[in-house]
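J.: What follows is a structure written as structure tokens; I'll ask about it next.
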Amino acid sequence: MEYRHLGASGFKVPVLSFGTGTFGGKGEFFEAWGATDVAEARRLIDICFDAGVTMFDTADIYSKGASESVLGEALKGKRDKALISTKATFRFDDDPNGVGSSRFHLIRAVDASLKRLQTDYIDLFQLHGFDAKTPIPEVLSTLDDLVRAGKIRYIGVSNFSGWHLMKSLDIADRYGYPRYVANQTYYSLVGRDYEWELMPLGIDQGVGAVVWSPLGWGRLTGKLKRGQPLPETSRLHKTADMGPPVPQEYLFSVLDALDDVAAETGKTVPQIALNWLLQRPTVATVLIGARDEAQLRQNLGAVGWSLTPDQVAKLDAASAVRPAYPYWHQEGFAERNPKAV
């Protein structure tokens with residue numbers, strides 16, 4: 001398993017990490033993802049360790065804390081082998097302070113996550129979303145305190161826009177607070193918005209991408225076929241409207257290109273989609289999820305080989321979209337603004 005530095009930090013992570021959104025299965029949304037219990041989680045974690053996948057990502061809101069609890073129990077006796085990544089910011093309970101990135105909520109959220117995870121430190125802690133109602137110095141000073149207390153080691157963000165992240169980095173530099181080194185971001189062959197602003201920012205500022213939903217919200221599994229209904233087992237029956245929209249004709253154009261490359265390489269559609277991401281700038285690690293051992297082993301087959309430049313170009317062309325303004329305009333100024341393309 002290849003390891004890469006996470007952004008401009010000295011911290012290395014495996015290029016594939018395991019997303020545990022399928023652990024717990026509490027509530028309709030997460031039940032559609034999966035309902036992995038502790039025994040199943042132990043088996044999947046052992047397979048990950050055997051393959052060199054040592055980072056496991058979760059969040060406090062995944063199954064209302066059950067994902068963290070299952071992960072913590074499954075890692076008993078193996079914590080020293082694992083890197084744990086978790087997140088907080090979204091509403092966890094009905095308490096008026098049970099949401100956001102205030103000092104009150106972050107300290108309480110981290111302490112609760114540590115208890116559920118049965119550990120005394122978190123390797124990578126990320127803000128799950130931007131909180132415009134809490135001053136950024138309050139957020140960063142709180143994270144600084146948590147780092148100094150040894151409760152978290154590295155910090156990152158998720159679902160921030162470019163100005164959210166850049167303003168935060170500027171304030172961190174101004175006051176000497178820890179910098180965000182990770183951006184857990186949605187990115188896939190059918191969701192390339194990350195490339196418009198966040199990727200150039202990541203290159204310039206040393207922020208590594210931790211990619212979530214690399215199979216386009218379950219659309220790049222190889223199970224969707226042009227002119228055919230969704231498979232009965234697809235979680236898209238329950239979650240399609242909750243995720244990023246993808247025009248049907250665009251989706252199937254990408255799937256056609258993936259099928260062509262699959263025929264050339266002998267690899268599966270998910271393996272090709274994941275391998276494409278691993279060749280993109282700033283990508284440090286890609287989160288793979290699995291409801292069972294078969295899915296996990298298939299996703300692990302995305303490493304140890306590389307798409308050819310021609311195959312990458314074919315997938316690039318099939319998945320290309322016209323960027324929003326001002327990004328399409330900046331493409332005409334590549335001579336002086338090469339990070340815009």
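All residue names refer to the structure tokens as shown: chains lettered A, B, ... in order, residues numbered from 1 in each chain, ligands numbered from 1 in order.
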In region 120-251 of chain A, what's helix (DSSP H, G or I) per DSSP? Answer as a VMD selection string?

T.: chain A and resid 136 to 148 162 to 175 193 to 195 198 to 205 236 to 242 248 to 251

J.: List every residue of region 177-334 of chain A that DSSP, applied to the backbone of this structure, places in strand (DSSP E or B), and write the result as a PyMOL selection string.

T.: chain A and resi 182-186+188+191+208-212+283-288

J.: Contacts of Tyr154 (chain A) at 9 Å or less, counting only C-alpha atoms, minus same-chain residues fewer than 5 places along, as a VMD selection string?

T.: chain A and resid 9 11 122 to 126 147 178 to 182

J.: Using the selection just defined, write its residues with N, CA and C atoms as a PDB file, in the first residue's frame.

T.:
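Wrote it out as again32.pdb, contents follow:
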ATOM      1  N   SER A   9       1.818  18.490   5.670  1.00  0.00           N
ATOM      2  CA  SER A   9       2.236  17.995   6.978  1.00  0.00           C
ATOM      3  C   SER A   9       3.259  16.876   6.826  1.00  0.00           C
ATOM      4  N   PHE A  11       2.666  14.032   8.242  1.00  0.00           N
ATOM      5  CA  PHE A  11       1.821  12.875   8.546  1.00  0.00           C
ATOM      6  C   PHE A  11       1.514  12.113   7.265  1.00  0.00           C
ATOM      7  N   ILE A 122      -7.289  11.331  18.767  1.00  0.00           N
ATOM      8  CA  ILE A 122      -7.801  11.208  17.391  1.00  0.00           C
ATOM      9  C   ILE A 122      -6.697  11.669  16.466  1.00  0.00           C
ATOM     10  N   ASP A 123      -6.355  10.846  15.479  1.00  0.00           N
ATOM     11  CA  ASP A 123      -5.245  11.181  14.586  1.00  0.00           C
ATOM     12  C   ASP A 123      -5.578  12.355  13.672  1.00  0.00           C
ATOM     13  N   LEU A 124      -6.784  12.369  13.120  1.00  0.00           N
ATOM     14  CA  LEU A 124      -7.211  13.458  12.234  1.00  0.00           C
ATOM     15  C   LEU A 124      -8.630  13.855  12.618  1.00  0.00           C
ATOM     16  N   PHE A 125      -8.799  15.098  13.055  1.00  0.00           N
ATOM     17  CA  PHE A 125     -10.122  15.608  13.403  1.00  0.00           C
ATOM     18  C   PHE A 125     -10.494  16.685  12.403  1.00  0.00           C
ATOM     19  N   GLN A 126     -11.720  16.560  11.829  1.00  0.00           N
ATOM     20  CA  GLN A 126     -12.151  17.487  10.783  1.00  0.00           C
ATOM     21  C   GLN A 126     -13.476  18.150  11.145  1.00  0.00           C
ATOM     22  N   VAL A 147      -5.287  20.182  20.364  1.00  0.00           N
ATOM     23  CA  VAL A 147      -4.013  19.621  19.915  1.00  0.00           C
ATOM     24  C   VAL A 147      -3.012  19.629  21.066  1.00  0.00           C
ATOM     25  N   PRO A 178      -2.679  25.894  14.623  1.00  0.00           N
ATOM     26  CA  PRO A 178      -2.434  24.803  13.669  1.00  0.00           C
ATOM     27  C   PRO A 178      -3.184  25.054  12.358  1.00  0.00           C
ATOM     28  N   ARG A 179      -2.566  24.647  11.253  1.00  0.00           N
ATOM     29  CA  ARG A 179      -3.193  24.801   9.939  1.00  0.00           C
ATOM     30  C   ARG A 179      -3.996  23.553   9.582  1.00  0.00           C
ATOM     31  N   TYR A 180      -5.051  23.752   8.836  1.00  0.00           N
ATOM     32  CA  TYR A 180      -5.764  22.610   8.268  1.00  0.00           C
ATOM     33  C   TYR A 180      -4.881  21.967   7.201  1.00  0.00           C
ATOM     34  N   VAL A 181      -4.674  20.666   7.311  1.00  0.00           N
ATOM     35  CA  VAL A 181      -3.848  19.957   6.328  1.00  0.00           C
ATOM     36  C   VAL A 181      -4.676  19.011   5.470  1.00  0.00           C
ATOM     37  N   ALA A 182      -5.971  18.869   5.794  1.00  0.00           N
ATOM     38  CA  ALA A 182      -6.840  17.949   5.055  1.00  0.00           C
ATOM     39  C   ALA A 182      -8.136  18.637   4.681  1.00  0.00           C
TER      40      ALA A 182
END

J.: Let me make sure I understand: among A:Trp328, A:Tyr121, A:Phe30, A:Tyr250, which one has the smallest atom-to-atom distance to Gly72 (chain A) if we use only C-alpha atoms?

T.: A:Tyr121

J.: Hey, which of A:Gly218, A:Gly25, A:Pro245, A:Gly7 ends up closest to Gly202 (chain A)? Count only C-alpha atoms.

T.: A:Gly7

J.: Write out as a CSV table (one decimal) with C-alpha atoms, in the first residue's frame each polymer residue whose atoms come within 9 Å of Ile45 (chain A), counting only C-alpha atoms; drop sequence neighbours fewer than 6 positions from it.

T.:
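Full text of part.csv as output:
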chain,number,residue,atom,x,y,z
A,18,PHE,CA,-11.8,2.8,5.0
A,53,VAL,CA,-5.2,0.1,4.8
A,54,THR,CA,-4.7,1.6,8.3
A,56,PHE,CA,-10.5,4.5,9.3
A,71,LEU,CA,-15.3,1.2,15.2
A,74,ALA,CA,-13.8,-3.4,16.7
A,75,LEU,CA,-10.4,-1.8,17.2

J.: Out of A:Gly34, A:Gly77, A:Gly332, A:Pro214, which residue has the shortest atom-to-atom distance to Leu287 (chain A) when counting only C-alpha atoms?

T.: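 Closest to Leu287 (chain A) of all the choices is A:Pro214.
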
J.: In terms of the shortest atom-to-atom distance over only C-alpha atoms, which of A:Pro244, A:Arg280, A:Ala290, A:Leu140 is closest to Ala35 (chain A)?

T.: A:Ala290

J.: Could you tell me which of A:Arg192, A:Arg226, A:Lys78, A:Lys12 comes closest to Leu277 (chain A) if we count only C-alpha atoms?

T.: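 Looking only at the distances to Leu277 (chain A), the closest residue turns out to be A:Arg192.
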
J.: Which residues are near Thr282 (chain A)? Cut-off 7 Å, only C-alpha atoms, ignore same chain within fewer than 2 positions. Put them as a VMD selection string.

T.: chain A and resid 199 202 to 203 208 to 209 280 284

J.: Write to file, as an mmCIF file, in the first residue's frame, the residues of the selection just made, with N, CA and C atoms.

T.:
data_model
loop_
_atom_site.group_PDB
_atom_site.id
_atom_site.type_symbol
_atom_site.label_atom_id
_atom_site.label_comp_id
_atom_site.auth_asym_id
_atom_site.auth_seq_id
_atom_site.Cartn_x
_atom_site.Cartn_y
_atom_site.Cartn_z
ATOM 1 N N MET A 199 -9.116 22.473 -5.526
ATOM 2 C CA MET A 199 -7.862 21.815 -5.896
ATOM 3 C C MET A 199 -6.733 22.828 -6.078
ATOM 4 N N GLY A 202 -5.668 23.806 -2.715
ATOM 5 C CA GLY A 202 -4.919 22.743 -2.067
ATOM 6 C C GLY A 202 -3.482 22.673 -2.535
ATOM 7 N N ILE A 203 -3.273 22.867 -3.831
ATOM 8 C CA ILE A 203 -1.914 22.876 -4.383
ATOM 9 C C ILE A 203 -1.119 24.040 -3.794
ATOM 10 N N GLY A 208 -4.265 18.573 1.635
ATOM 11 C CA GLY A 208 -4.483 17.329 0.919
ATOM 12 C C GLY A 208 -5.949 16.935 0.889
ATOM 13 N N ALA A 209 -6.363 16.329 -0.205
ATOM 14 C CA ALA A 209 -7.746 15.886 -0.355
ATOM 15 C C ALA A 209 -7.930 14.494 0.243
ATOM 16 N N ARG A 280 -4.944 12.091 -9.453
ATOM 17 C CA ARG A 280 -5.288 13.506 -9.505
ATOM 18 C C ARG A 280 -4.432 14.309 -8.521
ATOM 19 N N ALA A 284 -4.646 12.801 -1.344
ATOM 20 C CA ALA A 284 -3.803 12.066 -0.401
ATOM 21 C C ALA A 284 -4.355 10.675 -0.148
#

J.: Grab the CA of Gln271 (chain A) to CA of Thr221 (chain A) distance for me, in Å with one decimal place.

T.: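 So the two atoms, CA of Gln271 (chain A) and CA of Thr221 (chain A), lie 9.0 Å apart.
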
J.: Report, in Å with one decimal, the straight-line distance from CA of Trp276 (chain A) to CA of Leu189 (chain A).

T.: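 About the pair CA of Trp276 (chain A) and CA of Leu189 (chain A): they are 8.0 Å apart.
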
J.: Considering only C-alpha atoms, state which residue in the set A:Leu278, A:Val70, A:Leu127, A:Leu6 is at the smallest distance from Phe23 (chain A).

T.: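 Selected residue with least distance to Phe23 (chain A): A:Val70.
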